[in-house]
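Novice: Just passing along the structure, written as structure tokens.
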Amino acid sequence: QVQLVESGGGLVQPGGSLRLTCAPSGRTFINYPMAWFRQAPGKEREFVAASRWIGGGAYSQYYASSVKGRFTISRENDKNSVSLQMNTLKPEDTAIYYCAASSSRGLIASSLPNTGNYDYWGQGTQVTVSS
């Protein structure tokens, strides 16, 4: 059984930082897209960032415009885990953050923000930005 386990959420003041980590079990995703999405109360789940394997051990990163320059997605632990470093957090970043993984190695960049292209999801971790 494949599981994605997120950790690292919590309460932080505006301007602060948090680091989320997603650790898969049951299969490997080294050569497959992994991403972070978030969902605020009363809103739809939205894309945050994605990491896509481009060959030769390298990955490309993609970000929503609302987080670009503040958040960084990276692969960890022999590339099978993914983390999200969140800096300069704002109250509007408050949401449940979900890790996602796709079993489609050939996803193109424009497809990465689509929730329907991901086959596995974590249970979510709450991030609250408040003073």
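Letters A, B, ... mark the chains of the structure tokens in the order given; residue numbers begin at 1 per chain; ligand numbers begin at 1, in order shown.
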With range 103-108 of chain A as the partner and 8 Å as the cut-off, tabulate the residues of range 10-36 of chain A that qualify, each row holding the nearest pair of atoms and their distance in Å to one decimal, using only C-alpha atoms, sorted by chain and rising number, as JSON lines.

Specialist:
{"residue": "A:Phe29", "atom": "CA", "partner": "A:Ser103", "partner_atom": "CA", "distance": 7.8}
{"residue": "A:Asn31", "atom": "CA", "partner": "A:Arg105", "partner_atom": "CA", "distance": 6.6}
{"residue": "A:Tyr32", "atom": "CA", "partner": "A:Arg105", "partner_atom": "CA", "distance": 4.8}
{"residue": "A:Pro33", "atom": "CA", "partner": "A:Arg105", "partner_atom": "CA", "distance": 6.7}

Novice: Please produce a file of the residues just selected, as a PDB file, in the first residue's frame, where the atoms kept are N, CA and C atoms.

Specialist:
ATOM      1  N   PHE A  29       9.351   7.160  -5.903  1.00  0.00           N
ATOM      2  CA  PHE A  29       8.911   8.191  -6.844  1.00  0.00           C
ATOM      3  C   PHE A  29      10.082   9.002  -7.372  1.00  0.00           C
ATOM      4  N   ASN A  31      11.743   9.043 -10.076  1.00  0.00           N
ATOM      5  CA  ASN A  31      11.662   9.535 -11.446  1.00  0.00           C
ATOM      6  C   ASN A  31      10.270  10.058 -11.803  1.00  0.00           C
ATOM      7  N   TYR A  32       9.484  10.388 -10.796  1.00  0.00           N
ATOM      8  CA  TYR A  32       8.096  10.791 -11.019  1.00  0.00           C
ATOM      9  C   TYR A  32       7.828  12.156 -10.383  1.00  0.00           C
ATOM     10  N   PRO A  33       6.848  12.878 -10.935  1.00  0.00           N
ATOM     11  CA  PRO A  33       6.523  14.190 -10.368  1.00  0.00           C
ATOM     12  C   PRO A  33       5.956  14.072  -8.950  1.00  0.00           C
TER      13      PRO A  33
END

Novice: For Lys79 in chain A, list every protein, DNA or RNA residue within 12 Å, evaluated using only C-alpha atoms, and leave out those in the same chain fewer than 5 positions away; present the list as number ranges by chain.

Specialist: A: 22-24, 28-34, 51-53, 57-59, 73-74

Novice: Considering only C-alpha atoms, return as a compact mmCIF listing (two decimals) with C-alpha atoms, in the first residue's frame whatever protein or nucleic-acid residues lie within 8 Å of Ala49 in chain A, sequence-local ones (same chain, fewer than 2 positions apart) excluded.

Specialist:
# COMPACT_ATOMS: atom_id res chain seq x y z
CA ALA A 35 4.01 18.26 -5.70
CA TRP A 36 2.47 20.30 -2.91
CA PHE A 37 -1.07 21.62 -2.94
CA PHE A 47 -1.34 24.13 -6.67
CA SER A 51 9.24 18.87 -8.77
CA GLN A 61 10.82 23.08 -10.05
CA TYR A 62 7.56 24.88 -10.71
CA TYR A 63 5.71 27.33 -8.48
CA ALA A 64 2.40 29.11 -8.21
CA THR A 72 11.32 26.23 -2.37
CA ILE A 73 10.54 22.64 -3.29
CA PRO A 113 -0.95 22.15 -11.40

Novice: If DSSP is run on the backbone, what residues of chain A are strand (DSSP E)? A reply as a ChimeraX atom specification would be ideal.

Specialist: /A:3-7,10-12,18-25,34-39,46-55,58-63,71-76,81-86,95-101,120-121,125-129

Novice: Which one of A:Leu89, A:Leu112, A:Ala50, A:Val2 sits closest to Arg19 in chain A if you count only C-alpha atoms?

Specialist: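 Among the listed residues, the smallest separation from Arg19 in chain A belongs to A:Leu89.
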
Novice: With distances taken over only C-alpha atoms, which of A:Asp119, A:Asp78, A:Glu6, A:Asp93 is nearest to Arg38 in chain A?

Specialist: A:Asp93

Novice: Enter the distance from CA of Leu11 in chain A to CA of Ser130 in chain A, in Å, rounded to one decimal.

Specialist: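 One can read the CA of Leu11 in chain A to CA of Ser130 in chain A distance as 7.2 Å.
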